[in-house]
Amino acid sequence: MSYLSANMNLLLNAVKKSTASLNRDFSEIEKLQSSIRGYKEFVAAAVKKVDSSLRTELSKARPTYAFAEANKPQPKGAHFIVSSVDGIVNFAHGIPYFSISVATCENGVLTSAVVYNPATEECYFAEKGMGAYKEGYRNHERLRVSLRKEMSEVVASCKTQALSEDKHENLLCEKVAKKVVPSINANRQFGSISLDLANVASGKFDAVITTGQKINDIAAGILLVKEAGGSVFDFEQADIRSEDISSVLRSGDFIAGNPNVSPKLHELLNK
């Protein structure tokens, strides 16, 4: 794909320009690992700096766009859904598996997305109806979900433990642990949901099964999966003949995977 739309160029430039400071800060993280004083403050300041820069750059280019906020209703008009650092624990411990992600949404429909790991310079992007891609120096790589069908071959990122006291989330995680994990080949959780979704879009993972995720961290990754040919279902979606992305964004409890295994995973969870 040699052509990028004006909107996608805007998003890519804003994301990369905003992460220049994060690259410098990440290189300093290892030096702070043995220091208790100032360590958490340094990480918080780094994230705040990226968030401020990213919102400034995006607002310059699209001043009429609002910003969606976690745990609040989505704006009705065109808006950005931004995650400044998804995988902050990894970032704080010097582990190069974290990302910055931006999605645009119009009338409830995800229209474009960027997921960027500044530590490895891996950049994934998608536009509705145009496919999903990984950025390359000369040519961009078209992303496709895997074709695996057998559950015994599936490698997935499965959330098996809730981070909150929410009883419903705990119950869903228990279902994943008892019904899904024993039925698949391997469970891999690396600490950044947006990058895990990019791995589904790339065919490296066959699925992500997760709960309690914030809209900011999942919106861009969900569009990547969709544009790479994958399926996305809410855990408790009764009818999966069609998808309900709005419910997924609201609940944060979903299955995203290739179209062969996603229905099987949904069936397992709802037996």
# chains A, B, ... in the order shown; residues from 1 in each chain; ligands from 1
$ select_by_dssp --residues "stretch 46-264 of chain A" --states "helix (DSSP H, G or I)" --output "PyMOL selection string"
chain A and resi 46-61+88-92+151-153+167-183+193-201+215-227+245-251+262-264
$ residues_around --residues "stretch 261-263 of chain A" --least-positions-apart "4" --cutoff "7 Å" --atoms "only C-alpha atoms" --output "PyMOL selection string"
chain A and resi 149+231+255-257+267
$ residues_around --residues "stretch 89-106 of chain A" --least-positions-apart "5" --cutoff "7 Å" --atoms "only C-alpha atoms" --output "MDAnalysis selection string"
chainID A and resid 26 29:30 43 77:84 111:120 191:192 195 219:220
$ residues_around --residues "stretch 172-185 of chain A" --least-positions-apart "6" --cutoff "6 Å" --atoms "only C-alpha atoms" --output "MDAnalysis selection string"
chainID A and resid 151:155 160:161
$ closest_residue --among "A:Val109, A:Gly136, A:Gly129, A:Tyr65" --to "A:Asp244" --atoms "only C-alpha atoms"
A:Val109
$ select_by_dssp --residues "stretch 108-260 of chain A" --states "strand (DSSP E or B)" --output "VMD selection string"
chain A and resid 109 to 117 122 to 127 131 to 134 141 to 142 155 to 158 186 to 187 207 to 210 231 to 234 254 to 257
$ atom_distance --atom1 "atom CA of A:Leu223" --atom2 "atom CA of A:Asn139"
20.9 Å
$ atom_distance --atom1 "atom CA of A:Phe254" --atom2 "atom CA of A:Phe235"
5.0 Å
$ closest_residue --among "A:Lys16, A:Lys204, A:Lys134, A:Arg188" --to "A:Leu224" --atoms "only C-alpha atoms"
A:Lys134
$ closest_residue --among "A:Pro259, A:Gly212, A:Gly87, A:Gly230" --to "A:Lys167" --atoms "only C-alpha atoms"
A:Gly212
$ atom_distance --atom1 "atom CA of A:Lys40" --atom2 "atom CA of A:Glu122"
26.1 Å
$ decode --residues "stretch 16-29 of chain A" --atoms "all heavy atoms" --output "PDB file, in the first residue's frame"
ATOM      1  N   LYS A  16       3.683   9.827  16.140  1.00  0.00           N
ATOM      2  CA  LYS A  16       5.148   9.741  16.183  1.00  0.00           C
ATOM      3  C   LYS A  16       5.779  11.009  16.752  1.00  0.00           C
ATOM      4  O   LYS A  16       6.773  10.944  17.490  1.00  0.00           O
ATOM      5  CB  LYS A  16       5.681   9.437  14.784  1.00  0.00           C
ATOM      6  CG  LYS A  16       5.329   8.033  14.333  1.00  0.00           C
ATOM      7  CD  LYS A  16       5.916   7.712  12.971  1.00  0.00           C
ATOM      8  CE  LYS A  16       5.574   6.290  12.572  1.00  0.00           C
ATOM      9  NZ  LYS A  16       6.138   5.913  11.271  1.00  0.00           N
ATOM     10  N   LYS A  17       5.208  12.151  16.428  1.00  0.00           N
ATOM     11  CA  LYS A  17       5.745  13.399  16.967  1.00  0.00           C
ATOM     12  C   LYS A  17       5.571  13.456  18.477  1.00  0.00           C
ATOM     13  O   LYS A  17       6.441  13.938  19.204  1.00  0.00           O
ATOM     14  CB  LYS A  17       5.034  14.598  16.318  1.00  0.00           C
ATOM     15  CG  LYS A  17       5.615  15.945  16.704  1.00  0.00           C
ATOM     16  CD  LYS A  17       4.971  17.073  15.896  1.00  0.00           C
ATOM     17  CE  LYS A  17       5.573  18.426  16.275  1.00  0.00           C
ATOM     18  NZ  LYS A  17       4.957  19.525  15.482  1.00  0.00           N
ATOM     19  N   SER A  18       4.458  12.917  18.960  1.00  0.00           N
ATOM     20  CA  SER A  18       4.150  12.980  20.389  1.00  0.00           C
ATOM     21  C   SER A  18       4.961  11.998  21.218  1.00  0.00           C
ATOM     22  O   SER A  18       5.047  12.147  22.432  1.00  0.00           O
ATOM     23  CB  SER A  18       2.656  12.704  20.610  1.00  0.00           C
ATOM     24  OG  SER A  18       1.864  13.623  19.905  1.00  0.00           O
ATOM     25  N   THR A  19       5.530  10.982  20.569  1.00  0.00           N
ATOM     26  CA  THR A  19       6.252   9.955  21.330  1.00  0.00           C
ATOM     27  C   THR A  19       7.757  10.174  21.367  1.00  0.00           C
ATOM     28  O   THR A  19       8.479   9.352  21.927  1.00  0.00           O
ATOM     29  CB  THR A  19       5.967   8.562  20.741  1.00  0.00           C
ATOM     30  OG1 THR A  19       6.279   8.566  19.344  1.00  0.00           O
ATOM     31  CG2 THR A  19       4.511   8.183  20.941  1.00  0.00           C
ATOM     32  N   ALA A  20       8.240  11.261  20.806  1.00  0.00           N
ATOM     33  CA  ALA A  20       9.682  11.530  20.840  1.00  0.00           C
ATOM     34  C   ALA A  20      10.196  11.582  22.268  1.00  0.00           C
ATOM     35  O   ALA A  20      11.249  11.020  22.596  1.00  0.00           O
ATOM     36  CB  ALA A  20       9.985  12.829  20.107  1.00  0.00           C
ATOM     37  N   SER A  21       9.451  12.247  23.146  1.00  0.00           N
ATOM     38  CA  SER A  21       9.871  12.360  24.552  1.00  0.00           C
ATOM     39  C   SER A  21       9.805  11.014  25.256  1.00  0.00           C
ATOM     40  O   SER A  21      10.627  10.714  26.131  1.00  0.00           O
ATOM     41  CB  SER A  21       8.988  13.371  25.291  1.00  0.00           C
ATOM     42  OG  SER A  21       7.640  12.930  25.342  1.00  0.00           O
ATOM     43  N   LEU A  22       8.847  10.180  24.856  1.00  0.00           N
ATOM     44  CA  LEU A  22       8.689   8.874  25.504  1.00  0.00           C
ATOM     45  C   LEU A  22       9.872   7.968  25.206  1.00  0.00           C
ATOM     46  O   LEU A  22      10.314   7.198  26.066  1.00  0.00           O
ATOM     47  CB  LEU A  22       7.387   8.215  25.040  1.00  0.00           C
ATOM     48  CG  LEU A  22       6.871   7.064  25.907  1.00  0.00           C
ATOM     49  CD1 LEU A  22       6.495   7.563  27.287  1.00  0.00           C
ATOM     50  CD2 LEU A  22       5.675   6.396  25.253  1.00  0.00           C
ATOM     51  N   ASN A  23      10.399   8.051  23.998  1.00  0.00           N
ATOM     52  CA  ASN A  23      11.591   7.268  23.652  1.00  0.00           C
ATOM     53  C   ASN A  23      12.763   7.639  24.554  1.00  0.00           C
ATOM     54  O   ASN A  23      13.493   6.773  25.041  1.00  0.00           O
ATOM     55  CB  ASN A  23      11.976   7.501  22.188  1.00  0.00           C
ATOM     56  CG  ASN A  23      11.051   6.787  21.226  1.00  0.00           C
ATOM     57  OD1 ASN A  23      10.508   5.742  21.545  1.00  0.00           O
ATOM     58  ND2 ASN A  23      10.867   7.359  20.045  1.00  0.00           N
ATOM     59  N   ARG A  24      12.939   8.928  24.772  1.00  0.00           N
ATOM     60  CA  ARG A  24      14.030   9.369  25.649  1.00  0.00           C
ATOM     61  C   ARG A  24      13.802   8.909  27.079  1.00  0.00           C
ATOM     62  O   ARG A  24      14.722   8.445  27.760  1.00  0.00           O
ATOM     63  CB  ARG A  24      14.161  10.889  25.590  1.00  0.00           C
ATOM     64  CG  ARG A  24      14.624  11.436  24.243  1.00  0.00           C
ATOM     65  CD  ARG A  24      14.987  12.907  24.337  1.00  0.00           C
ATOM     66  NE  ARG A  24      13.828  13.725  24.665  1.00  0.00           N
ATOM     67  CZ  ARG A  24      13.020  14.280  23.757  1.00  0.00           C
ATOM     68  NH1 ARG A  24      13.250  14.084  22.469  1.00  0.00           N
ATOM     69  NH2 ARG A  24      11.995  15.026  24.127  1.00  0.00           N
ATOM     70  N   ASP A  25      12.559   9.028  27.530  1.00  0.00           N
ATOM     71  CA  ASP A  25      12.248   8.629  28.902  1.00  0.00           C
ATOM     72  C   ASP A  25      12.407   7.126  29.101  1.00  0.00           C
ATOM     73  O   ASP A  25      12.874   6.676  30.152  1.00  0.00           O
ATOM     74  CB  ASP A  25      10.812   9.043  29.259  1.00  0.00           C
ATOM     75  CG  ASP A  25      10.665  10.552  29.388  1.00  0.00           C
ATOM     76  OD1 ASP A  25      11.687  11.225  29.645  1.00  0.00           O
ATOM     77  OD2 ASP A  25       9.544  11.061  29.231  1.00  0.00           O
ATOM     78  N   PHE A  26      12.030   6.343  28.091  1.00  0.00           N
ATOM     79  CA  PHE A  26      12.156   4.894  28.212  1.00  0.00           C
ATOM     80  C   PHE A  26      13.619   4.479  28.333  1.00  0.00           C
ATOM     81  O   PHE A  26      13.947   3.531  29.052  1.00  0.00           O
ATOM     82  CB  PHE A  26      11.511   4.200  27.008  1.00  0.00           C
ATOM     83  CG  PHE A  26      11.491   2.703  27.116  1.00  0.00           C
ATOM     84  CD1 PHE A  26      10.752   2.074  28.108  1.00  0.00           C
ATOM     85  CD2 PHE A  26      12.217   1.912  26.234  1.00  0.00           C
ATOM     86  CE1 PHE A  26      10.729   0.683  28.210  1.00  0.00           C
ATOM     87  CE2 PHE A  26      12.202   0.533  26.334  1.00  0.00           C
ATOM     88  CZ  PHE A  26      11.451  -0.078  27.325  1.00  0.00           C
ATOM     89  N   SER A  27      14.494   5.194  27.653  1.00  0.00           N
ATOM     90  CA  SER A  27      15.913   4.863  27.734  1.00  0.00           C
ATOM     91  C   SER A  27      16.480   5.141  29.122  1.00  0.00           C
ATOM     92  O   SER A  27      17.525   4.615  29.487  1.00  0.00           O
ATOM     93  CB  SER A  27      16.705   5.654  26.686  1.00  0.00           C
ATOM     94  OG  SER A  27      16.708   7.040  26.994  1.00  0.00           O
ATOM     95  N   GLU A  28      15.778   5.965  29.902  1.00  0.00           N
ATOM     96  CA  GLU A  28      16.235   6.287  31.255  1.00  0.00           C
ATOM     97  C   GLU A  28      15.654   5.335  32.303  1.00  0.00           C
ATOM     98  O   GLU A  28      16.117   5.312  33.444  1.00  0.00           O
ATOM     99  CB  GLU A  28      15.811   7.716  31.633  1.00  0.00           C
ATOM    100  CG  GLU A  28      16.473   8.803  30.798  1.00  0.00           C
ATOM    101  CD  GLU A  28      17.966   8.869  31.042  1.00  0.00           C
ATOM    102  OE1 GLU A  28      18.375   8.732  32.213  1.00  0.00           O
ATOM    103  OE2 GLU A  28      18.716   9.035  30.067  1.00  0.00           O
ATOM    104  N   ILE A  29      14.659   4.559  31.914  1.00  0.00           N
ATOM    105  CA  ILE A  29      13.948   3.723  32.881  1.00  0.00           C
ATOM    106  C   ILE A  29      14.872   2.751  33.602  1.00  0.00           C
ATOM    107  O   ILE A  29      14.808   2.595  34.818  1.00  0.00           O
ATOM    108  CB  ILE A  29      12.798   2.955  32.199  1.00  0.00           C
ATOM    109  CG1 ILE A  29      11.633   3.902  31.907  1.00  0.00           C
ATOM    110  CG2 ILE A  29      12.311   1.788  33.044  1.00  0.00           C
ATOM    111  CD1 ILE A  29      10.919   4.402  33.133  1.00  0.00           C
TER     112      ILE A  29
END
